[in-house]
file model38.cif (mmCIF, C-alpha atoms)
data_target
#
loop_
_atom_site.label_atom_id
_atom_site.label_comp_id
_atom_site.auth_asym_id
_atom_site.auth_seq_id
_atom_site.Cartn_x
_atom_site.Cartn_y
_atom_site.Cartn_z
CA MET A 1 104.95 62.40 97.37
CA LYS A 2 106.35 61.68 100.80
CA SER A 3 109.63 62.71 102.33
CA PRO A 4 112.70 60.50 101.93
CA ALA A 5 113.78 58.34 104.87
CA LEU A 6 115.51 60.37 107.57
CA GLU A 7 116.28 60.43 111.27
CA TYR A 8 114.40 62.77 113.59
CA VAL A 9 115.51 64.19 116.93
CA ARG A 10 113.86 66.75 119.21
CA VAL A 11 116.20 68.93 121.28
CA ASP A 12 115.43 71.18 124.25
CA SER A 13 118.47 73.49 124.27
CA LEU A 14 120.61 75.40 121.83
CA SER A 15 123.71 73.47 122.80
CA ALA A 16 121.92 70.19 122.07
CA ALA A 17 120.80 71.60 118.71
CA PHE A 18 124.37 72.48 117.77
CA ASP A 19 125.58 69.06 118.90
CA ALA A 20 122.94 67.35 116.77
CA PHE A 21 123.77 69.48 113.74
CA GLU A 22 127.45 68.67 114.01
CA ALA A 23 126.61 64.98 114.40
CA GLY A 24 124.71 65.27 111.12
CA ASP A 25 128.03 65.96 109.39
CA GLY A 26 126.63 68.69 107.18
CA ASP A 27 123.49 66.75 106.24
CA ALA A 28 121.05 68.04 108.89
CA GLN A 29 118.09 70.42 108.78
CA PHE A 30 116.47 72.40 111.60
CA LEU A 31 112.67 72.21 111.99
CA ALA A 32 110.55 74.90 113.69
CA GLY A 33 106.91 75.22 112.62
CA GLY A 34 107.38 72.94 109.64
CA HIS A 35 105.36 74.90 107.07
CA SER A 36 108.33 75.34 104.76
CA VAL A 37 110.55 72.39 105.65
CA VAL A 38 107.87 69.66 105.52
CA PRO A 39 106.52 70.58 102.05
CA ALA A 40 110.10 70.79 100.77
CA LEU A 41 110.78 67.30 102.13
CA ASN A 42 107.59 65.89 100.63
CA LEU A 43 108.43 67.38 97.24
CA ARG A 44 111.99 66.00 97.52
CA LEU A 45 113.39 69.53 97.24
CA GLN A 46 115.34 68.79 100.42
CA ALA A 47 116.63 65.43 101.55
CA PRO A 48 118.62 65.73 104.80
CA SER A 49 119.56 62.59 106.65
CA LEU A 50 118.70 64.23 109.99
CA LEU A 51 115.81 66.51 110.99
CA ILE A 52 116.39 68.48 114.21
CA ASP A 53 113.21 69.74 115.91
CA ILE A 54 114.04 73.00 117.73
CA SER A 55 110.44 73.95 118.58
CA ARG A 56 110.81 73.14 122.30
CA ILE A 57 113.87 75.32 122.99
CA PRO A 58 112.82 77.94 125.60
CA GLU A 59 115.30 80.57 124.37
CA LEU A 60 113.49 80.76 121.03
CA SER A 61 110.16 81.75 122.59
CA GLY A 62 108.73 84.85 124.25
CA VAL A 63 107.90 88.45 123.42
CA GLU A 64 109.29 91.19 125.67
CA LEU A 65 110.75 94.68 125.85
CA CYS A 66 114.50 94.32 126.19
CA ASP A 67 117.14 97.10 126.34
CA GLY A 68 115.02 99.55 124.38
CA TRP A 69 113.93 97.02 121.73
CA LEU A 70 110.99 94.68 121.31
CA ARG A 71 112.34 91.14 121.27
CA ILE A 72 110.18 88.62 119.42
CA GLY A 73 111.31 85.03 119.85
CA ALA A 74 111.79 83.11 116.61
CA MET A 75 109.22 80.49 117.65
CA THR A 76 106.46 83.11 117.92
CA ARG A 77 103.55 81.94 115.78
CA HIS A 78 102.16 84.07 112.98
CA ALA A 79 98.81 84.25 114.76
CA GLU A 80 100.43 85.87 117.79
CA ALA A 81 101.28 88.91 115.65
CA LEU A 82 97.53 89.52 115.58
CA THR A 83 96.91 89.10 119.29
CA HIS A 84 100.01 89.77 121.40
CA PRO A 85 99.65 93.21 123.04
CA LEU A 86 103.36 94.08 122.81
CA ILE A 87 103.49 93.27 119.10
CA ILE A 88 100.31 95.25 118.47
CA GLN A 89 101.75 98.22 120.38
CA HIS A 90 105.41 98.21 119.35
CA ALA A 91 105.49 96.28 116.05
CA PRO A 92 102.10 97.17 114.52
CA LEU A 93 103.39 96.60 111.00
CA LEU A 94 103.69 92.87 111.79
CA SER A 95 100.09 92.95 113.00
CA ALA A 96 99.03 94.72 109.81
CA ALA A 97 100.83 92.16 107.62
CA ALA A 98 99.75 89.01 109.48
CA PRO A 99 96.19 88.73 108.06
CA PHE A 100 97.66 88.49 104.56
CA VAL A 101 99.80 85.46 105.44
CA ALA A 102 98.14 82.35 103.99
CA HIS A 103 95.19 81.11 106.10
CA PRO A 104 94.38 80.72 109.84
CA ALA A 105 95.40 77.04 109.97
CA ILE A 106 98.87 77.96 108.75
CA ARG A 107 99.16 81.10 110.90
CA ASN A 108 98.36 79.08 114.01
CA ARG A 109 101.35 76.81 113.47
CA ALA A 110 103.97 78.56 111.34
CA THR A 111 106.65 80.61 113.10
CA ILE A 112 107.89 84.13 112.43
CA GLY A 113 111.49 82.97 112.68
CA GLY A 114 110.99 80.16 110.20
CA ASN A 115 109.35 82.56 107.78
CA LEU A 116 112.24 85.02 107.98
CA VAL A 117 114.89 82.33 107.56
CA LEU A 118 113.10 80.91 104.50
CA ALA A 119 113.44 84.38 102.91
CA ASP A 120 110.69 83.90 100.34
CA PRO A 121 110.67 87.20 98.38
CA ALA A 122 106.87 86.98 98.06
CA SER A 123 106.37 86.62 101.82
CA GLU A 124 104.95 89.36 104.01
CA PHE A 125 107.07 89.30 107.18
CA PRO A 126 110.49 89.80 105.51
CA ALA A 127 109.19 93.00 103.90
CA ALA A 128 107.69 94.11 107.22
CA ALA A 129 110.99 93.43 109.01
CA LEU A 130 112.82 95.49 106.40
CA ALA A 131 110.40 98.40 106.70
CA MET A 132 110.60 98.28 110.52
CA ARG A 133 114.43 98.34 110.35
CA ALA A 134 114.46 95.27 112.51
CA GLU A 135 117.53 93.25 113.44
CA MET A 136 117.94 89.47 113.45
CA GLU A 137 119.64 87.87 116.45
CA ILE A 138 121.54 84.84 115.20
CA VAL A 139 123.16 82.32 117.51
CA GLY A 140 125.73 79.69 116.64
CA ARG A 141 128.41 77.60 118.26
CA ASP A 142 130.78 80.59 118.05
CA GLY A 143 128.46 83.07 119.73
CA VAL A 144 125.70 85.59 119.04
CA ARG A 145 125.47 88.29 116.38
CA ARG A 146 122.82 90.78 115.25
CA VAL A 147 122.26 91.47 111.58
CA PRO A 148 120.10 94.37 110.31
CA ALA A 149 117.26 93.31 108.02
CA ASP A 150 118.78 95.15 105.06
CA ALA A 151 121.88 92.94 105.36
CA PHE A 152 120.04 89.74 106.26
CA PHE A 153 118.12 89.05 103.04
CA LEU A 154 120.71 88.35 100.34
CA GLY A 155 118.76 86.77 97.49
CA LEU A 156 116.21 84.16 96.53
CA TYR A 157 115.79 81.99 99.66
CA GLU A 158 119.22 83.22 100.74
CA THR A 159 120.11 84.97 104.01
CA ALA A 160 123.15 85.91 106.06
CA MET A 161 122.69 82.73 108.14
CA ARG A 162 125.67 80.37 108.21
CA PRO A 163 125.41 76.56 108.33
CA GLY A 164 124.51 75.38 111.81
CA GLU A 165 123.24 78.78 113.01
CA ILE A 166 119.77 79.41 114.45
CA LEU A 167 117.70 82.59 114.36
CA ARG A 168 116.93 83.21 118.02
CA SER A 169 115.01 86.50 117.98
CA LEU A 170 113.75 89.39 115.92
CA PHE A 171 114.54 92.77 117.50
CA VAL A 172 112.25 95.67 116.54
CA PRO A 173 112.76 99.32 117.52
CA PRO A 174 109.71 100.21 119.63
CA ALA A 175 107.03 102.50 118.26
CA ARG A 176 107.76 106.23 118.18
CA GLU A 177 105.42 109.15 118.75
CA GLY A 178 103.51 109.92 115.59
CA GLN A 179 104.30 106.54 114.03
CA ARG A 180 101.91 105.15 111.43
CA VAL A 181 101.99 101.90 109.51
CA ALA A 182 100.18 100.44 106.53
CA PHE A 183 100.35 97.17 104.63
CA ASP A 184 98.56 95.88 101.58
CA GLU A 185 99.11 93.53 98.68
CA LEU A 186 97.53 92.55 95.39
CA SER A 187 96.85 88.86 94.80
CA ARG A 188 94.50 86.85 92.65
CA ARG A 189 92.61 85.72 95.72
CA ARG A 190 93.10 86.15 99.47
CA GLY A 191 95.79 83.83 100.81
CA ASP A 192 97.52 83.35 97.46
CA TYR A 193 101.04 84.58 96.85
CA ALA A 194 101.11 88.31 96.24
CA ILE A 195 101.59 89.77 92.78
CA VAL A 196 103.02 92.81 94.58
CA GLY A 197 102.89 93.96 98.19
CA ALA A 198 104.01 97.02 100.16
CA ALA A 199 104.86 97.57 103.83
CA ILE A 200 105.22 101.13 105.09
CA GLN A 201 106.28 102.56 108.44
CA ALA A 202 106.37 106.33 108.86
CA VAL A 203 106.47 109.09 111.46
CA MET A 204 104.17 112.08 111.02
CA ALA A 205 105.02 115.43 112.62
CA ASP A 206 102.98 118.57 111.95
CA GLN A 207 101.18 116.73 109.12
CA ARG A 208 104.46 116.00 107.36
CA LEU A 209 106.47 112.81 106.98
CA SER A 210 109.54 113.27 109.16
CA ASP A 211 110.61 109.69 108.48
CA ILE A 212 109.43 106.84 106.28
CA SER A 213 110.54 103.40 105.16
CA ILE A 214 108.88 101.46 102.35
CA ALA A 215 109.54 97.80 101.53
CA PHE A 216 108.06 95.93 98.60
CA LEU A 217 107.55 92.18 98.32
CA ALA A 218 107.18 89.96 95.24
CA VAL A 219 109.14 92.40 93.06
CA GLY A 220 112.56 90.73 93.04
CA ASP A 221 114.70 88.03 94.62
CA ARG A 222 114.33 89.59 98.09
CA PRO A 223 112.26 92.31 99.81
CA ILE A 224 113.21 95.69 98.34
CA ARG A 225 113.50 99.07 100.07
CA ALA A 226 112.12 101.84 97.86
CA ALA A 227 114.79 104.44 98.72
CA LYS A 228 113.97 106.87 95.90
CA ALA A 229 110.26 106.83 96.70
CA GLU A 230 111.11 107.39 100.36
CA ALA A 231 113.25 110.41 99.43
CA ALA A 232 110.38 111.86 97.40
CA LEU A 233 108.09 111.59 100.42
CA ARG A 234 110.37 112.49 103.33
CA GLY A 235 109.62 115.95 104.69
CA GLY A 236 106.49 116.37 102.59
CA ALA A 237 102.79 116.26 103.25
CA LEU A 238 100.76 113.29 102.08
CA ASP A 239 99.05 115.20 99.29
CA GLY A 240 98.40 114.16 95.73
CA ALA A 241 101.52 115.80 94.29
CA THR A 242 103.85 114.18 96.82
CA ILE A 243 102.30 110.76 96.36
CA ALA A 244 102.53 111.11 92.56
CA ALA A 245 106.23 111.99 92.87
CA ALA A 246 106.82 108.87 94.97
CA GLN A 247 104.96 106.72 92.45
CA ALA A 248 107.09 108.10 89.64
CA ALA A 249 110.27 107.44 91.63
CA LEU A 250 109.46 103.73 91.86
CA GLU A 251 110.90 103.13 88.41
CA GLY A 252 114.34 103.80 89.90
CA ASP A 253 113.70 101.52 92.89
CA LEU A 254 112.28 98.39 91.27
CA ASP A 255 114.31 96.47 88.71
CA LEU A 256 111.46 94.36 87.41
CA GLU A 257 111.64 91.61 84.82
CA ASP A 258 109.06 90.31 82.38
CA LEU A 259 107.33 87.16 83.61
CA PRO A 260 105.41 84.65 81.47
CA GLN A 261 102.15 85.75 83.05
CA MET A 262 102.87 89.49 83.30
CA PRO A 263 105.22 92.01 81.66
CA ALA A 264 107.47 94.26 83.76
CA SER A 265 105.51 97.36 82.72
CA MET A 266 102.31 95.93 84.20
CA ARG A 267 104.07 94.94 87.43
CA LEU A 268 105.47 98.48 87.77
CA HIS A 269 101.99 99.91 87.16
CA LEU A 270 100.53 97.67 89.87
CA ALA A 271 103.32 98.66 92.28
CA ARG A 272 102.52 102.33 91.69
CA VAL A 273 98.80 101.75 92.17
CA LEU A 274 99.46 99.85 95.40
CA LEU A 275 101.85 102.52 96.70
CA GLY A 276 99.22 105.20 96.14
CA ARG A 277 96.62 103.09 97.92
CA VAL A 278 98.80 102.38 100.94
CA LEU A 279 100.03 105.97 101.24
CA GLY A 280 96.44 107.16 101.12
CA ARG A 281 95.62 104.84 103.99
CA LEU A 282 98.69 106.05 105.87
CA GLY A 283 97.44 109.63 105.71
CA GLY A 284 93.96 108.75 106.93
CA PRO A 285 92.58 109.52 110.39
#
call {"tool": "encode", "arguments": {"input": "model38.cif", "output": "structure tokens"}}
result
Amino acid sequence: MKSPALEYVRVDSLSAAFDAFEAGDGDAQFLAGGHSVVPALNLRLQAPSLLIDISRIPELSGVELCDGWLRIGAMTRHAEALTHPLIIQHAPLLSAAAPFVAHPAIRNRATIGGNLVLADPASEFPAAALAMRAEMEIVGRDGVRRVPADAFFLGLYETAMRPGEILRSLFVPPAREGQRVAFDELSRRRGDYAIVGAAIQAVMADQRLSDISIAFLAVGDRPIRAAKAEAALRGGALDGATIAAAQAALEGDLDLEDLPQMPASMRLHLARVLLGRVLGRLGGP
């Protein structure tokens, strides 16, 4: 199928983007990398009368240290998470997650901001943002606001974004001394949607976990923080008993449902197996 007939306009400033959206009278859609919007148009899942290309707006680009945070512009491509030195240094969990995102052709074009706004619960970067305790900088006609990741993802393809707003940047707290990260997922084949995935960011001090955040993907209608598993790990060493306690605690973190292809009990088992695998990697040299 092909997209329905629509008008297309490319803008080069945020003010022009807001003007165009308002001119669309509630029937406009922003376009960044296009890897979610274009398929949705072709499948007739979306049918706006106006498509607003925001990919050339300078304010949406760039990666820099800013006021004690790492600012990643929303138009940053997935592939840059693998190569940009500041992301590798200060947001290594994004770099660890990026190879699992689809395939190189998609990573070279798709944007981090577009991925976060789509809020696909089986996607890697929303879980990484949650585990990194990142904040989303959202800009609209009425001004700028920052929303923590744990308040940004509200449900299936649902975020705290309001109509006409644009995600300008992702702000990540820079890496701390002793910080370690790990990411992994289980899928039927590389590049497919994950059956379950886990993103972990932790701080090790004297061989113990002084801080840890764990976010799972593909286990609900949004990325999920595993607070009970984190509590079982915080302050402990990464030994077999501590990891087993965290795996057991997952039952209280993940409210899984039976799916046609897999019962909830199997999904919980796979989540526990994956958590053990990723924690083992976290405690490696």
call {"tool": "closest_atom_pairs", "arguments": {"input": "model38.cif", "of": "range 46-148 of chain A", "to": "range 216-231 of chain A", "cutoff": "9 Å", "atoms": "all atoms listed in the file", "output": "tab-separated table"}}
result
residue	atom	partner	partner_atom	distance
A:Ala119	CA	A:Arg222	CA	7.2
A:Asp120	CA	A:Arg222	CA	7.1
A:Pro121	CA	A:Arg222	CA	4.4
A:Ala122	CA	A:Ala218	CA	4.1
A:Ser123	CA	A:Leu217	CA	6.7
A:Glu124	CA	A:Leu217	CA	6.9
A:Pro126	CA	A:Pro223	CA	6.5
A:Ala127	CA	A:Pro223	CA	5.2
A:Ala128	CA	A:Phe216	CA	8.8
A:Leu130	CA	A:Arg225	CA	7.3
A:Ala131	CA	A:Arg225	CA	7.3
call {"tool": "residues_around", "arguments": {"input": "model38.cif", "residues": "Leu118 in chain A", "least_positions_apart": "2", "cutoff": "12 Å", "atoms": "all atoms listed in the file", "output": "ChimeraX atom specification"}}
result
/A:30-37,40,110-116,120-126,152-161,167,222
call {"tool": "resolve_selection", "arguments": {"input": "model38.cif", "expression": "the PyMOL selection byres ((chain A and resi 2) around 12)", "output": "PyMOL selection string"}}
result
chain A and resi 1+3-6+38-47
call {"tool": "residues_near_point", "arguments": {"input": "model38.cif", "point": "(111.8, 110.4, 105.1)", "cutoff": "9 Å", "atoms": "all atoms listed in the file", "output": "PyMOL selection string"}}
result
chain A and resi 202-203+209-213+230-236
call {"tool": "atom_distance", "arguments": {"input": "model38.cif", "atom1": "CA of Leu94 in chain A", "atom2": "CA of Val273 in chain A"}}
result
22.1 Å
call {"tool": "residues_near_point", "arguments": {"input": "model38.cif", "point": "(109.2, 92.6, 117.8)", "cutoff": "10 Å", "atoms": "only C-alpha atoms", "output": "ChimeraX atom specification"}}
result
/A:63-65,69-74,76,81,86-94,129,132,134-135,169-174
call {"tool": "decode", "arguments": {"input": "model38.cif", "residues": "range 48-64 of chain A", "atoms": "N, CA, C and O atoms", "output": "mmCIF file, in the first residue's frame"}}
result
data_model
loop_
_atom_site.group_PDB
_atom_site.id
_atom_site.type_symbol
_atom_site.label_atom_id
_atom_site.label_comp_id
_atom_site.auth_asym_id
_atom_site.auth_seq_id
_atom_site.Cartn_x
_atom_site.Cartn_y
_atom_site.Cartn_z
ATOM 1 N N PRO A 48 -2.615 11.912 8.041
ATOM 2 C CA PRO A 48 -2.681 13.367 8.206
ATOM 3 C C PRO A 48 -2.819 14.050 6.854
ATOM 4 O O PRO A 48 -2.422 13.509 5.818
ATOM 5 N N SER A 49 -3.357 15.238 6.877
ATOM 6 C CA SER A 49 -3.455 16.002 5.637
ATOM 7 C C SER A 49 -2.169 16.770 5.353
ATOM 8 O O SER A 49 -1.937 17.200 4.228
ATOM 9 N N LEU A 50 -1.312 16.918 6.398
ATOM 10 C CA LEU A 50 -0.080 17.682 6.255
ATOM 11 C C LEU A 50 1.056 16.965 6.970
ATOM 12 O O LEU A 50 0.929 16.581 8.142
ATOM 13 N N LEU A 51 2.187 16.792 6.255
ATOM 14 C CA LEU A 51 3.392 16.203 6.824
ATOM 15 C C LEU A 51 4.447 17.301 6.928
ATOM 16 O O LEU A 51 4.797 17.937 5.928
ATOM 17 N N ILE A 52 4.959 17.513 8.151
ATOM 18 C CA ILE A 52 5.898 18.608 8.405
ATOM 19 C C ILE A 52 7.277 18.016 8.671
ATOM 20 O O ILE A 52 7.504 17.372 9.702
ATOM 21 N N ASP A 53 8.205 18.227 7.753
ATOM 22 C CA ASP A 53 9.560 17.691 7.847
ATOM 23 C C ASP A 53 10.393 18.618 8.737
ATOM 24 O O ASP A 53 10.667 19.764 8.371
ATOM 25 N N ILE A 54 10.803 18.108 9.913
ATOM 26 C CA ILE A 54 11.574 18.919 10.863
ATOM 27 C C ILE A 54 13.049 18.522 10.879
ATOM 28 O O ILE A 54 13.807 18.958 11.754
ATOM 29 N N SER A 55 13.492 17.727 9.919
ATOM 30 C CA SER A 55 14.836 17.162 9.955
ATOM 31 C C SER A 55 15.939 18.186 9.730
ATOM 32 O O SER A 55 17.104 17.906 10.023
ATOM 33 N N ARG A 56 15.597 19.369 9.221
ATOM 34 C CA ARG A 56 16.616 20.391 8.931
ATOM 35 C C ARG A 56 16.650 21.498 9.982
ATOM 36 O O ARG A 56 17.284 22.538 9.748
ATOM 37 N N ILE A 57 16.006 21.315 11.112
ATOM 38 C CA ILE A 57 16.007 22.342 12.153
ATOM 39 C C ILE A 57 17.296 22.229 12.973
ATOM 40 O O ILE A 57 17.530 21.199 13.622
ATOM 41 N N PRO A 58 18.154 23.254 12.963
ATOM 42 C CA PRO A 58 19.457 23.147 13.641
ATOM 43 C C PRO A 58 19.348 22.834 15.130
ATOM 44 O O PRO A 58 20.185 22.110 15.683
ATOM 45 N N GLU A 59 18.335 23.370 15.800
ATOM 46 C CA GLU A 59 18.197 23.188 17.247
ATOM 47 C C GLU A 59 17.988 21.729 17.643
ATOM 48 O O GLU A 59 18.157 21.374 18.813
ATOM 49 N N LEU A 60 17.604 20.893 16.712
ATOM 50 C CA LEU A 60 17.332 19.493 17.023
ATOM 51 C C LEU A 60 18.569 18.612 16.859
ATOM 52 O O LEU A 60 18.495 17.407 17.112
ATOM 53 N N SER A 61 19.673 19.196 16.444
ATOM 54 C CA SER A 61 20.890 18.436 16.174
ATOM 55 C C SER A 61 21.941 18.707 17.242
ATOM 56 O O SER A 61 21.794 19.579 18.089
ATOM 57 N N GLY A 62 23.026 17.948 17.190
ATOM 58 C CA GLY A 62 24.181 18.183 18.042
ATOM 59 C C GLY A 62 24.232 17.308 19.269
ATOM 60 O O GLY A 62 23.202 16.896 19.809
ATOM 61 N N VAL A 63 25.454 17.030 19.706
ATOM 62 C CA VAL A 63 25.724 16.299 20.947
ATOM 63 C C VAL A 63 26.784 17.093 21.694
ATOM 64 O O VAL A 63 27.855 17.375 21.154
ATOM 65 N N GLU A 64 26.497 17.453 22.954
ATOM 66 C CA GLU A 64 27.422 18.303 23.696
ATOM 67 C C GLU A 64 27.192 18.157 25.189
ATOM 68 O O GLU A 64 26.113 17.737 25.635
#
